[in-house]
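Shown next: data.csv, containing CSV, C-alpha atoms and all ligand atoms.
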```
chain,number,residue,atom,x,y,z
B,1,MET,CA,25.6,14.2,1.7
B,2,LYS,CA,24.9,13.1,-1.9
B,3,ILE,CA,21.8,11.0,-2.4
B,4,LEU,CA,20.8,9.5,-5.7
B,5,VAL,CA,17.1,9.0,-6.3
B,6,VAL,CA,16.1,6.4,-8.9
B,7,ASN,CA,12.7,5.8,-10.5
B,8,ALA,CA,12.8,2.8,-12.8
B,9,GLY,CA,10.0,2.2,-15.3
B,10,SER,CA,9.8,-0.6,-17.8
B,11,SER,CA,11.8,1.2,-20.5
B,12,SER,CA,13.1,4.2,-18.6
B,13,LEU,CA,15.2,5.2,-15.6
B,14,LYS,CA,14.8,8.6,-14.1
B,15,TYR,CA,17.3,9.9,-11.7
B,16,GLN,CA,18.1,13.0,-9.5
B,17,LEU,CA,21.2,13.6,-7.5
B,18,PHE,CA,20.5,15.6,-4.3
B,19,ASP,CA,22.8,17.4,-2.0
B,20,MET,CA,21.2,16.7,1.4
B,21,PRO,CA,20.1,18.0,3.8
B,22,GLN,CA,19.7,21.2,1.8
B,23,GLY,CA,17.7,19.3,-0.9
B,24,THR,CA,19.6,21.0,-3.7
B,25,VAL,CA,19.3,19.1,-7.0
B,26,LEU,CA,22.8,18.8,-8.5
B,27,ALA,CA,21.8,16.9,-11.6
B,28,LYS,CA,18.8,15.0,-13.0
B,29,GLY,CA,17.9,13.1,-16.1
B,30,ASN,CA,16.2,10.3,-17.8
B,31,CYS,CA,17.4,7.2,-19.6
B,32,GLU,CA,14.7,6.2,-22.1
B,33,ARG,CA,14.1,3.4,-24.6
B,34,ILE,CA,15.9,0.8,-22.4
B,35,GLY,CA,15.7,-2.6,-24.0
B,36,ILE,CA,15.1,-0.9,-27.4
B,37,ASP,CA,18.1,1.3,-28.2
B,38,GLY,CA,18.8,4.1,-25.7
B,39,ILE,CA,18.6,7.9,-25.1
B,40,ILE,CA,19.9,9.8,-22.2
B,41,THR,CA,19.0,13.4,-21.2
B,42,HIS,CA,21.2,14.8,-18.4
B,43,LYS,CA,20.4,18.2,-16.9
B,44,ARG,CA,22.3,20.4,-14.4
B,45,PRO,CA,20.5,23.5,-13.1
B,46,GLY,CA,21.6,26.7,-14.9
B,47,GLN,CA,23.6,24.8,-17.5
B,48,SER,CA,22.9,23.4,-20.9
B,49,ASP,CA,21.4,19.9,-21.2
B,50,PHE,CA,23.3,16.9,-22.5
B,51,LYS,CA,21.4,14.5,-24.7
B,52,ALA,CA,22.9,11.5,-26.4
B,53,GLU,CA,21.9,8.2,-28.0
B,54,SER,CA,23.4,5.1,-26.6
B,55,SER,CA,22.8,1.4,-26.2
B,56,PHE,CA,20.8,0.4,-23.1
B,57,PRO,CA,20.0,-3.3,-23.4
B,58,ASP,CA,19.0,-3.3,-19.7
B,59,HIS,CA,18.7,-1.1,-16.6
B,60,GLN,CA,22.3,-2.0,-15.5
B,61,THR,CA,23.9,-0.4,-18.6
B,62,ALA,CA,21.6,2.6,-18.1
B,63,ILE,CA,22.6,3.2,-14.5
B,64,LEU,CA,26.3,2.7,-15.4
B,65,TYR,CA,25.9,5.5,-18.0
B,66,VAL,CA,24.2,7.7,-15.3
B,67,LEU,CA,27.2,7.2,-13.0
B,68,LYS,CA,29.5,8.0,-15.9
B,69,MET,CA,27.6,11.3,-16.5
B,70,LEU,CA,27.5,12.2,-12.9
B,71,THR,CA,31.3,11.9,-12.7
B,72,ASP,CA,32.1,13.2,-16.2
B,73,LYS,CA,34.8,15.9,-16.4
B,74,THR,CA,32.6,18.2,-18.5
B,75,TYR,CA,29.0,17.3,-17.5
B,76,GLY,CA,29.5,15.7,-14.1
B,77,VAL,CA,28.7,17.2,-10.7
B,78,ILE,CA,30.8,14.9,-8.4
B,79,ASP,CA,34.4,13.7,-8.6
B,80,SER,CA,33.7,10.1,-7.7
B,81,VAL,CA,30.8,7.7,-7.2
B,82,ASP,CA,32.1,7.2,-3.6
B,83,GLU,CA,30.5,10.6,-2.8
B,84,ILE,CA,27.1,8.9,-3.1
B,85,LEU,CA,26.0,7.8,0.3
B,86,GLY,CA,22.7,6.3,-0.5
B,87,VAL,CA,20.3,5.5,-3.3
B,88,GLY,CA,16.6,6.0,-2.9
B,89,HIS,CA,14.3,3.8,-5.0
B,90,ARG,CA,10.7,4.7,-5.8
B,91,PHE,CA,8.4,1.8,-5.4
B,92,ALA,CA,4.6,2.1,-6.1
B,93,HIS,CA,3.8,-0.9,-3.9
B,94,GLY,CA,5.2,-2.1,-0.6
B,95,GLY,CA,2.5,-4.6,0.1
B,96,GLU,CA,1.3,-5.2,3.7
B,97,LYS,CA,4.8,-5.7,5.1
B,98,LEU,CA,6.9,-2.8,3.9
B,99,ARG,CA,5.0,-0.2,5.8
B,100,GLN,CA,7.7,2.5,5.9
B,101,SER,CA,10.8,3.5,3.9
B,102,THR,CA,13.3,0.7,4.4
B,103,VAL,CA,16.8,-0.3,3.6
B,104,LEU,CA,16.5,-3.0,1.0
B,105,GLY,CA,18.4,-6.2,1.8
B,106,ASP,CA,17.9,-9.7,0.4
B,107,GLU,CA,14.8,-10.4,2.5
B,108,GLU,CA,13.0,-7.2,1.4
B,109,LEU,CA,13.9,-7.9,-2.2
B,110,GLU,CA,12.5,-11.4,-1.9
B,111,TYR,CA,9.3,-9.9,-0.4
B,112,LEU,CA,9.0,-7.3,-3.2
B,113,GLU,CA,9.3,-10.1,-5.8
B,114,SER,CA,6.6,-12.1,-4.0
B,115,ILE,CA,4.1,-9.2,-4.4
B,116,VAL,CA,4.6,-8.3,-8.1
B,117,GLY,CA,1.2,-9.9,-8.7
B,118,LEU,CA,-0.3,-6.9,-6.8
B,119,ASN,CA,1.7,-4.5,-8.9
B,120,PRO,CA,2.4,-6.1,-12.3
B,121,LEU,CA,3.1,-2.9,-14.2
B,122,HIS,CA,5.5,-1.0,-11.9
B,123,GLY,CA,6.9,-3.9,-9.7
B,124,PRO,CA,9.1,-5.7,-12.2
B,125,PRO,CA,10.9,-2.7,-13.7
B,126,ALA,CA,11.5,-1.2,-10.2
B,127,ILE,CA,13.0,-4.4,-9.0
B,128,SER,CA,15.2,-4.6,-12.2
B,129,GLY,CA,16.3,-1.0,-11.5
B,130,LEU,CA,17.1,-1.9,-7.8
B,131,ARG,CA,19.1,-5.0,-8.8
B,132,ALA,CA,21.1,-3.0,-11.3
B,133,CYS,CA,21.9,-0.2,-8.9
B,134,LYS,CA,22.9,-2.7,-6.1
B,135,GLU,CA,25.2,-4.4,-8.6
B,136,VAL,CA,27.0,-1.2,-9.6
B,137,LEU,CA,26.9,0.5,-6.2
B,138,PRO,CA,27.3,-2.5,-3.8
B,139,ASN,CA,28.7,-0.4,-0.9
B,140,VAL,CA,25.9,2.1,-0.3
B,141,LYS,CA,22.5,1.7,1.3
B,142,HIS,CA,19.7,1.2,-1.1
B,143,VAL,CA,16.4,2.5,0.4
B,144,GLY,CA,12.9,1.7,-0.9
B,145,VAL,CA,10.3,4.4,-0.6
B,146,PHE,CA,6.8,3.1,-1.2
B,147,ASP,CA,3.7,5.0,-2.4
B,148,THR,CA,1.6,2.7,-0.3
B,149,SER,CA,3.4,3.2,3.0
B,150,TYR,CA,1.7,6.5,3.9
B,151,TYR,CA,-1.5,4.5,4.2
B,152,SER,CA,-0.2,1.7,6.4
B,153,GLU,CA,-1.7,3.1,9.5
B,154,MET,CA,-5.2,3.4,8.2
B,155,GLU,CA,-7.9,1.6,10.3
B,156,ASP,CA,-9.0,-1.8,9.1
B,157,TYR,CA,-12.6,-0.4,8.5
B,158,ALA,CA,-11.0,2.0,6.0
B,159,TYR,CA,-9.1,-0.6,4.0
B,160,ILE,CA,-11.1,-3.8,4.1
B,161,TYR,CA,-13.5,-4.2,1.2
B,162,PRO,CA,-17.0,-5.5,2.0
B,163,ILE,CA,-16.4,-8.8,0.1
B,164,PRO,CA,-15.9,-12.3,1.6
B,165,TYR,CA,-13.1,-11.8,4.1
B,166,GLU,CA,-11.4,-15.0,2.9
B,167,LEU,CA,-10.5,-13.1,-0.3
B,168,TYR,CA,-8.6,-10.6,1.7
B,169,GLU,CA,-6.8,-13.4,3.6
B,170,LYS,CA,-6.1,-15.4,0.5
B,171,TYR,CA,-5.1,-12.7,-2.0
B,172,LYS,CA,-4.6,-9.6,0.1
B,173,ILE,CA,-7.4,-7.8,-1.7
B,174,ARG,CA,-7.7,-4.5,0.2
B,175,ARG,CA,-7.4,-0.8,-0.2
B,176,TYR,CA,-3.7,0.1,-0.3
B,177,GLY,CA,-3.7,3.7,-1.6
B,178,PHE,CA,-1.1,5.2,-3.9
B,179,HIS,CA,0.7,8.6,-4.5
B,180,GLY,CA,1.5,8.5,-0.7
B,181,THR,CA,4.9,10.1,-1.1
B,182,SER,CA,3.4,13.1,-2.8
B,183,HIS,CA,0.5,13.4,-0.3
B,184,ARG,CA,3.0,13.0,2.6
B,185,TYR,CA,5.2,15.8,1.1
B,186,VAL,CA,2.4,18.3,0.6
B,187,ALA,CA,0.6,17.5,3.9
B,188,ASN,CA,3.9,18.1,5.8
B,189,LYS,CA,4.4,21.4,3.9
B,190,ALA,CA,0.8,22.4,4.9
B,191,MET,CA,1.5,21.6,8.5
B,192,GLU,CA,4.7,23.7,8.3
B,193,LEU,CA,2.7,26.6,6.8
B,194,MET,CA,0.1,26.3,9.6
B,195,GLY,CA,2.8,25.9,12.2
B,196,LYS,CA,1.1,22.9,13.8
B,197,LYS,CA,0.7,19.2,13.4
B,198,ASP,CA,-2.6,18.6,15.0
B,199,VAL,CA,-4.6,19.5,11.9
B,200,LYS,CA,-7.0,17.8,9.5
B,201,ILE,CA,-5.9,18.1,5.9
B,202,ILE,CA,-7.4,17.0,2.6
B,203,THR,CA,-4.7,16.8,-0.1
B,204,CYS,CA,-5.8,16.7,-3.7
B,205,HIS,CA,-3.1,15.2,-6.1
B,206,LEU,CA,-4.7,16.0,-9.4
B,207,GLY,CA,-2.5,15.0,-12.4
B,208,ASN,CA,-2.6,12.4,-15.1
B,209,GLY,CA,-3.3,10.1,-12.2
B,210,SER,CA,-5.3,11.6,-9.4
B,211,SER,CA,-6.0,10.8,-5.8
B,212,ILE,CA,-7.3,12.5,-2.7
B,213,THR,CA,-6.1,11.8,0.8
B,214,ALA,CA,-7.4,12.7,4.3
B,215,THR,CA,-4.7,13.2,6.9
B,216,VAL,CA,-5.2,13.7,10.7
B,217,ASN,CA,-2.2,14.7,12.9
B,218,GLY,CA,0.2,13.7,10.1
B,219,LYS,CA,-1.3,10.3,9.5
B,220,ALA,CA,-3.3,9.3,6.5
B,221,VAL,CA,-6.8,8.1,7.5
B,222,ASP,CA,-8.3,7.5,4.1
B,223,THR,CA,-7.6,7.8,0.4
B,224,SER,CA,-9.5,7.6,-2.8
B,225,MET,CA,-7.2,5.0,-4.5
B,226,GLY,CA,-7.7,1.4,-3.5
B,227,PHE,CA,-6.5,-2.0,-4.4
B,228,THR,CA,-4.9,-0.4,-7.5
B,229,PRO,CA,-4.5,3.2,-8.7
B,230,GLN,CA,-7.7,2.7,-10.7
B,231,ASP,CA,-10.1,3.7,-7.9
B,232,GLY,CA,-11.3,7.1,-6.9
B,233,VAL,CA,-11.7,10.2,-9.1
B,234,PRO,CA,-11.7,10.0,-12.9
B,235,MET,CA,-8.2,10.5,-14.3
B,236,GLY,CA,-6.5,11.1,-17.7
B,237,THR,CA,-7.4,7.7,-19.1
B,238,ARG,CA,-8.6,5.8,-15.9
B,239,SER,CA,-12.2,5.6,-15.0
B,240,GLY,CA,-11.9,5.9,-11.3
B,241,ALA,CA,-14.6,4.4,-9.1
B,242,LEU,CA,-17.5,2.6,-10.8
B,243,ASP,CA,-20.5,0.5,-9.8
B,244,PRO,CA,-18.7,-2.9,-9.5
B,245,THR,CA,-21.1,-4.5,-12.1
B,246,VAL,CA,-20.1,-2.0,-14.8
B,247,PRO,CA,-17.0,-4.0,-15.8
B,248,THR,CA,-18.7,-7.4,-15.8
B,249,PHE,CA,-21.7,-5.9,-17.8
B,250,ILE,CA,-19.2,-4.5,-20.4
B,251,MET,CA,-17.4,-7.9,-20.6
B,252,LYS,CA,-20.6,-9.7,-21.2
B,253,THR,CA,-22.2,-7.3,-23.7
B,254,GLU,CA,-19.0,-6.3,-25.6
B,255,LYS,CA,-17.6,-9.9,-25.4
B,256,LEU,CA,-14.3,-8.7,-23.9
B,257,THR,CA,-11.8,-10.7,-21.8
B,258,ALA,CA,-10.8,-9.6,-18.3
B,259,GLU,CA,-7.6,-8.1,-19.7
B,260,GLU,CA,-9.4,-6.2,-22.5
B,261,THR,CA,-11.8,-4.8,-20.0
B,262,GLU,CA,-9.0,-3.8,-17.7
B,263,LYS,CA,-7.3,-2.0,-20.6
B,264,LEU,CA,-10.6,-0.2,-21.5
B,265,LEU,CA,-11.0,1.1,-18.0
B,266,ASN,CA,-7.3,1.9,-17.6
B,267,ASN,CA,-6.3,3.4,-21.0
B,268,LYS,CA,-9.5,4.5,-22.7
B,269,SER,CA,-11.7,5.9,-20.0
B,270,GLY,CA,-11.6,8.9,-17.6
B,271,LEU,CA,-11.2,12.3,-19.2
B,272,LEU,CA,-10.2,10.8,-22.5
B,273,GLY,CA,-13.2,8.4,-22.5
B,274,VAL,CA,-15.8,11.0,-21.8
B,275,SER,CA,-14.4,13.8,-23.9
B,276,GLY,CA,-13.2,11.8,-26.8
B,277,VAL,CA,-10.6,14.6,-27.2
B,278,SER,CA,-7.5,13.8,-25.1
B,279,SER,CA,-6.3,12.6,-21.8
B,280,ASP,CA,-4.4,15.8,-21.3
B,281,CYS,CA,-6.4,18.3,-19.2
B,282,ARG,CA,-5.1,21.3,-21.2
B,283,ASP,CA,-6.5,19.9,-24.5
B,284,ILE,CA,-9.8,19.2,-22.8
B,285,VAL,CA,-10.0,22.8,-21.3
B,286,ASP,CA,-9.2,24.2,-24.8
B,287,ALA,CA,-11.9,22.1,-26.4
B,288,ALA,CA,-14.4,23.0,-23.7
B,289,ASN,CA,-13.6,26.7,-24.2
B,290,GLU,CA,-14.3,26.2,-27.9
B,291,GLY,CA,-17.7,24.8,-27.0
B,292,ASN,CA,-17.1,21.0,-27.2
B,293,GLN,CA,-19.9,19.7,-24.9
B,294,ARG,CA,-18.2,16.3,-24.1
B,295,ALA,CA,-15.1,18.1,-23.0
B,296,GLN,CA,-17.2,20.4,-20.9
B,297,LEU,CA,-18.9,17.3,-19.4
B,298,ALA,CA,-15.6,15.6,-18.7
B,299,ILE,CA,-14.5,18.6,-16.6
B,300,LYS,CA,-17.9,18.7,-14.8
B,301,ILE,CA,-17.6,15.0,-13.9
B,302,LEU,CA,-14.1,15.5,-12.5
B,303,VAL,CA,-15.1,18.6,-10.4
B,304,HIS,CA,-18.2,16.7,-9.2
B,305,ASN,CA,-16.2,13.7,-8.0
B,306,VAL,CA,-13.5,15.7,-6.4
B,307,LYS,CA,-16.1,17.7,-4.5
B,308,LYS,CA,-17.9,14.6,-3.4
B,309,ILE,CA,-14.7,13.0,-1.9
B,310,ILE,CA,-13.7,16.3,-0.2
B,311,GLY,CA,-17.1,16.4,1.4
B,312,SER,CA,-17.0,12.8,2.5
B,313,TYR,CA,-13.6,13.3,4.1
B,314,VAL,CA,-14.8,16.3,6.1
B,315,ALA,CA,-17.6,14.1,7.4
B,316,GLU,CA,-15.1,11.3,8.2
B,317,MET,CA,-12.6,13.6,10.0
B,318,ASN,CA,-15.4,15.7,11.7
B,319,GLY,CA,-13.9,18.8,10.1
B,320,VAL,CA,-11.0,20.1,8.0
B,321,ASP,CA,-8.4,22.7,8.6
B,322,ALA,CA,-6.7,22.8,5.2
B,323,VAL,CA,-7.3,21.7,1.6
B,324,VAL,CA,-4.2,21.3,-0.6
B,325,PHE,CA,-4.0,21.2,-4.4
B,326,THR,CA,-1.0,19.6,-6.1
B,327,ALA,CA,0.3,17.9,-9.2
B,328,GLY,CA,-0.1,19.0,-12.9
B,329,ILE,CA,-3.8,19.9,-12.8
B,330,GLY,CA,-3.9,20.9,-9.1
B,331,GLU,CA,-0.9,23.2,-9.4
B,332,ASN,CA,-1.7,24.8,-12.7
B,333,ASP,CA,-5.4,24.7,-13.5
B,334,ARG,CA,-6.9,27.8,-11.8
B,335,GLU,CA,-10.4,27.4,-13.2
B,336,LEU,CA,-10.6,23.8,-12.0
B,337,ARG,CA,-9.5,24.8,-8.5
B,338,GLU,CA,-12.1,27.6,-8.5
B,339,ALA,CA,-14.8,25.2,-9.7
B,340,ILE,CA,-14.0,22.6,-7.1
B,341,CYS,CA,-14.0,25.1,-4.2
B,342,LYS,CA,-17.2,26.8,-5.4
B,343,ASP,CA,-20.2,26.5,-3.1
B,344,MET,CA,-18.2,24.9,-0.3
B,345,SER,CA,-18.6,27.8,2.1
B,346,TYR,CA,-20.9,25.6,4.2
B,347,LEU,CA,-17.8,23.5,5.0
B,348,GLY,CA,-15.7,26.6,5.6
B,349,ILE,CA,-13.8,26.2,2.3
B,350,GLU,CA,-13.6,29.6,0.4
B,351,ILE,CA,-10.9,30.8,-1.9
B,352,ASP,CA,-9.9,34.3,-2.9
B,353,GLU,CA,-10.6,34.2,-6.6
B,354,LYS,CA,-8.1,36.9,-7.4
B,355,ILE,CA,-5.2,35.3,-5.6
B,356,ASN,CA,-6.2,31.9,-7.1
B,357,ALA,CA,-6.1,33.4,-10.6
B,358,THR,CA,-2.8,35.3,-10.2
B,359,CYS,CA,-0.6,33.2,-7.9
B,360,PRO,CA,2.7,32.3,-9.6
B,361,ARG,CA,3.0,28.8,-11.0
B,362,GLY,CA,5.5,26.5,-9.3
B,363,GLU,CA,5.3,28.2,-6.0
B,364,ILE,CA,3.5,27.7,-2.7
B,365,ALA,CA,0.4,29.8,-2.5
B,366,ASP,CA,-2.3,30.4,0.2
B,367,ILE,CA,-5.4,31.0,-2.0
B,368,SER,CA,-7.9,31.1,1.0
B,369,ALA,CA,-10.3,33.9,1.3
B,370,SER,CA,-9.2,36.2,4.1
B,371,ASP,CA,-12.1,35.2,6.4
B,372,ALA,CA,-12.3,31.5,5.4
B,373,LYS,CA,-12.4,29.0,8.3
B,374,VAL,CA,-10.4,26.5,6.2
B,375,LYS,CA,-7.0,27.2,4.6
B,376,THR,CA,-6.7,26.4,0.9
B,377,PHE,CA,-3.1,26.0,-0.4
B,378,VAL,CA,-1.5,25.3,-3.7
B,379,ILE,CA,1.7,23.3,-3.0
B,380,PRO,CA,4.0,22.0,-5.8
B,381,THR,CA,4.7,18.4,-5.0
B,382,ASN,CA,8.3,17.0,-4.8
B,383,GLU,CA,8.2,13.2,-4.4
B,384,GLU,CA,11.9,12.9,-5.3
B,385,TYR,CA,12.9,15.2,-2.4
B,386,MET,CA,10.8,13.1,0.0
B,387,ILE,CA,12.6,10.0,-1.3
B,388,ALA,CA,16.0,11.7,-0.8
B,389,TYR,CA,14.9,12.8,2.7
B,390,ASP,CA,14.0,9.3,3.8
B,391,THR,CA,17.1,7.8,2.2
B,392,GLN,CA,19.5,10.2,3.9
B,393,ASN,CA,17.9,9.4,7.3
B,394,LEU,CA,18.4,5.6,6.7
B,395,ALA,CA,21.7,5.9,5.0
B,396,LYS,CA,23.4,7.9,7.7
B,401,LIG,P1,1.1,15.2,-13.8
B,401,LIG,O1,0.6,13.8,-13.9
B,401,LIG,O2,1.2,15.7,-12.4
B,401,LIG,O3,2.4,15.5,-14.6
B,401,LIG,O4,0.0,16.1,-14.5
B,401,LIG,C1,-0.4,16.0,-15.8
B,401,LIG,C2,-1.7,16.8,-16.0
B,401,LIG,O5,-1.6,18.1,-15.6
B,401,LIG,C3,-2.1,16.8,-17.5
B,401,LIG,O6,-3.5,16.5,-17.6
B,401,LIG,C4,-1.9,18.2,-17.9
B,401,LIG,O7,-2.8,18.6,-18.8
B,401,LIG,C5,-2.2,18.9,-16.6
B,401,LIG,N1,-1.5,20.3,-16.7
B,401,LIG,C6,-0.2,20.6,-16.7
B,401,LIG,N2,-0.1,21.9,-16.8
B,401,LIG,C7,-1.3,22.5,-16.9
B,401,LIG,C8,-1.8,23.8,-17.0
B,401,LIG,N3,-1.0,24.8,-17.2
B,401,LIG,N4,-3.2,23.9,-17.0
B,401,LIG,C9,-4.0,22.9,-16.9
B,401,LIG,N5,-3.6,21.6,-16.8
B,401,LIG,C10,-2.3,21.4,-16.8
```
Can the structure from this file be put into structure tokens for me?
Amino acid sequence: MKILVVNAGSSSLKYQLFDMPQGTVLAKGNCERIGIDGIITHKRPGQSDFKAESSFPDHQTAILYVLKMLTDKTYGVIDSVDEILGVGHRFAHGGEKLRQSTVLGDEELEYLESIVGLNPLHGPPAISGLRACKEVLPNVKHVGVFDTSYYSEMEDYAYIYPIPYELYEKYKIRRYGFHGTSHRYVANKAMELMGKKDVKIITCHLGNGSSITATVNGKAVDTSMGFTPQDGVPMGTRSGALDPTVPTFIMKTEKLTAEETEKLLNNKSGLLGVSGVSSDCRDIVDAANEGNQRAQLAIKILVHNVKKIIGSYVAEMNGVDAVVFTAGIGENDRELREAICKDMSYLGIEIDEKINATCPRGEIADISASDAKVKTFVIPTNEEYMIAYDTQNLAK
């Protein structure tokens, strides 16, 4: 069964064609500079990449080009688009109604349009991508997979903010949580590795955007991201959680508008803001190793905040069976994993430093110390596979 996974951004459209249920990636690529000019990179495992300039005035022309590439005599991997049985669309936000992966008909599309205010950056391009795909592939099921849906069963006391309740009722201001597809994938893998589902897991998705999620018996009970992906631990350029008066104080003293303040906290803060070096963890680690004190401070702040959230989730769940590291930093930065897990033996979290330092990149690794009460895993994330998995189930 061939399933196409699409992730549409404002000027890009990423795609992967899966052969399910095996989960083999047949081809993948990215259309970039949509609305400007157009570049496509098309890759097939074990074969040379195809890269070309084109004209992509909108998402529809881009998806048409993708279908042409997938069925091309030389670069294609299928004979006809009729082989595609479903298209999975990544959506950052499903609001309060789209609580699980769903086939997207007119009603769902209308609802997604009604909540773009909650998700102004990712919502509109994802909807354009969906509309374009529906137009060119009208006879297949289009499935929405939402980053928020993993958190849809959290208790109200975990998602309601302590502000006037009417603001929740009026504007749906609440904790939604993001990166759910990644957390669900790695939490499921951890359950598979442990051979049981009745476990308490803390998954640390540490990348350019970072979030930490607590999962009990396969269900998320808490997460560090909130109303937007701005909450929680410091990220590449995002501040993460702050005293709520910090933004208003900055607005008043620096005479900034709400939009300018949001930009400052979204694009100029986090690891970049503290280090002044870069938003990329590798650059910061290099600078820290060369003695740059602000780069060293940025790393210490990240480690401190991740530790604090792990500790709070252990308290919330009354224990933990496994901690998982994933995404760019979590999968690759061994020193950071070691720093986070240091001095957590009281909680039962202890890693084997040698295994942590030598485990091969891109592979699942059990980095726990042999006598640790809690398992610590490194698990490469695969959101696209999760989207293809949900899509095949709904497209069948
Ligand atoms: P992601 O958003 O998951 O793609 O992760 C991007 C982040 O992962 C960036 O901050 C990168 O610096 C970081 N990263 C990727 N590879 C490495 C590595 N080998 N060592 C440290 N950080 C890495």
Restricting the calculation to all atoms listed in the file, which member of B:Pro244, B:Pro234, B:Gly94, B:Gly88 is positioned closest to ligand LIG 401 (chain B)?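 Of B:Pro244, B:Pro234, B:Gly94, B:Gly88, the one nearest ligand LIG 401 (chain B), counting all atoms listed in the file, is B:Pro234.
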Which is closest to ligand LIG 401 (chain B) among B:Gly209, B:Gly311, B:Gly232, B:Gly23, if we use all atoms listed in the file? B:Gly209
Separation of CA of Pro229 (chain B) and CA of Gly180 (chain B), in Å?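 Value for the CA of Pro229 (chain B)-CA of Gly180 (chain B) distance: 11.3 Å.
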Please identify all polymer residues within 8 Å of Ala395 (chain B), counting only C-alpha atoms, omitting same-chain residues fewer than 2 positions from it, and present them as a compact mmCIF listing (two decimals) with C-alpha atoms, in the coordinates of the input.
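The new file around_5.txt reads:
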```txt
# COMPACT_ATOMS: atom_id res chain seq x y z
CA LEU B 85 26.00 7.80 0.30
CA GLY B 86 22.70 6.30 -0.50
CA VAL B 140 25.90 2.10 -0.30
CA LYS B 141 22.50 1.70 1.30
CA HIS B 142 19.70 1.20 -1.10
CA VAL B 143 16.40 2.50 0.40
CA THR B 391 17.10 7.80 2.20
CA GLN B 392 19.50 10.20 3.90
CA ASN B 393 17.90 9.40 7.30
```
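One distance worth recording is that between CA of Ala214 (chain B) and CA of Ile202 (chain B), which is 4.6 Å.
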Could you give me the residues within 9 Å of ligand LIG 401 (chain B), counting all atoms listed in the file, as a ChimeraX atom specification? /B:205-210,235-236,271,278-285,326-336,361,381
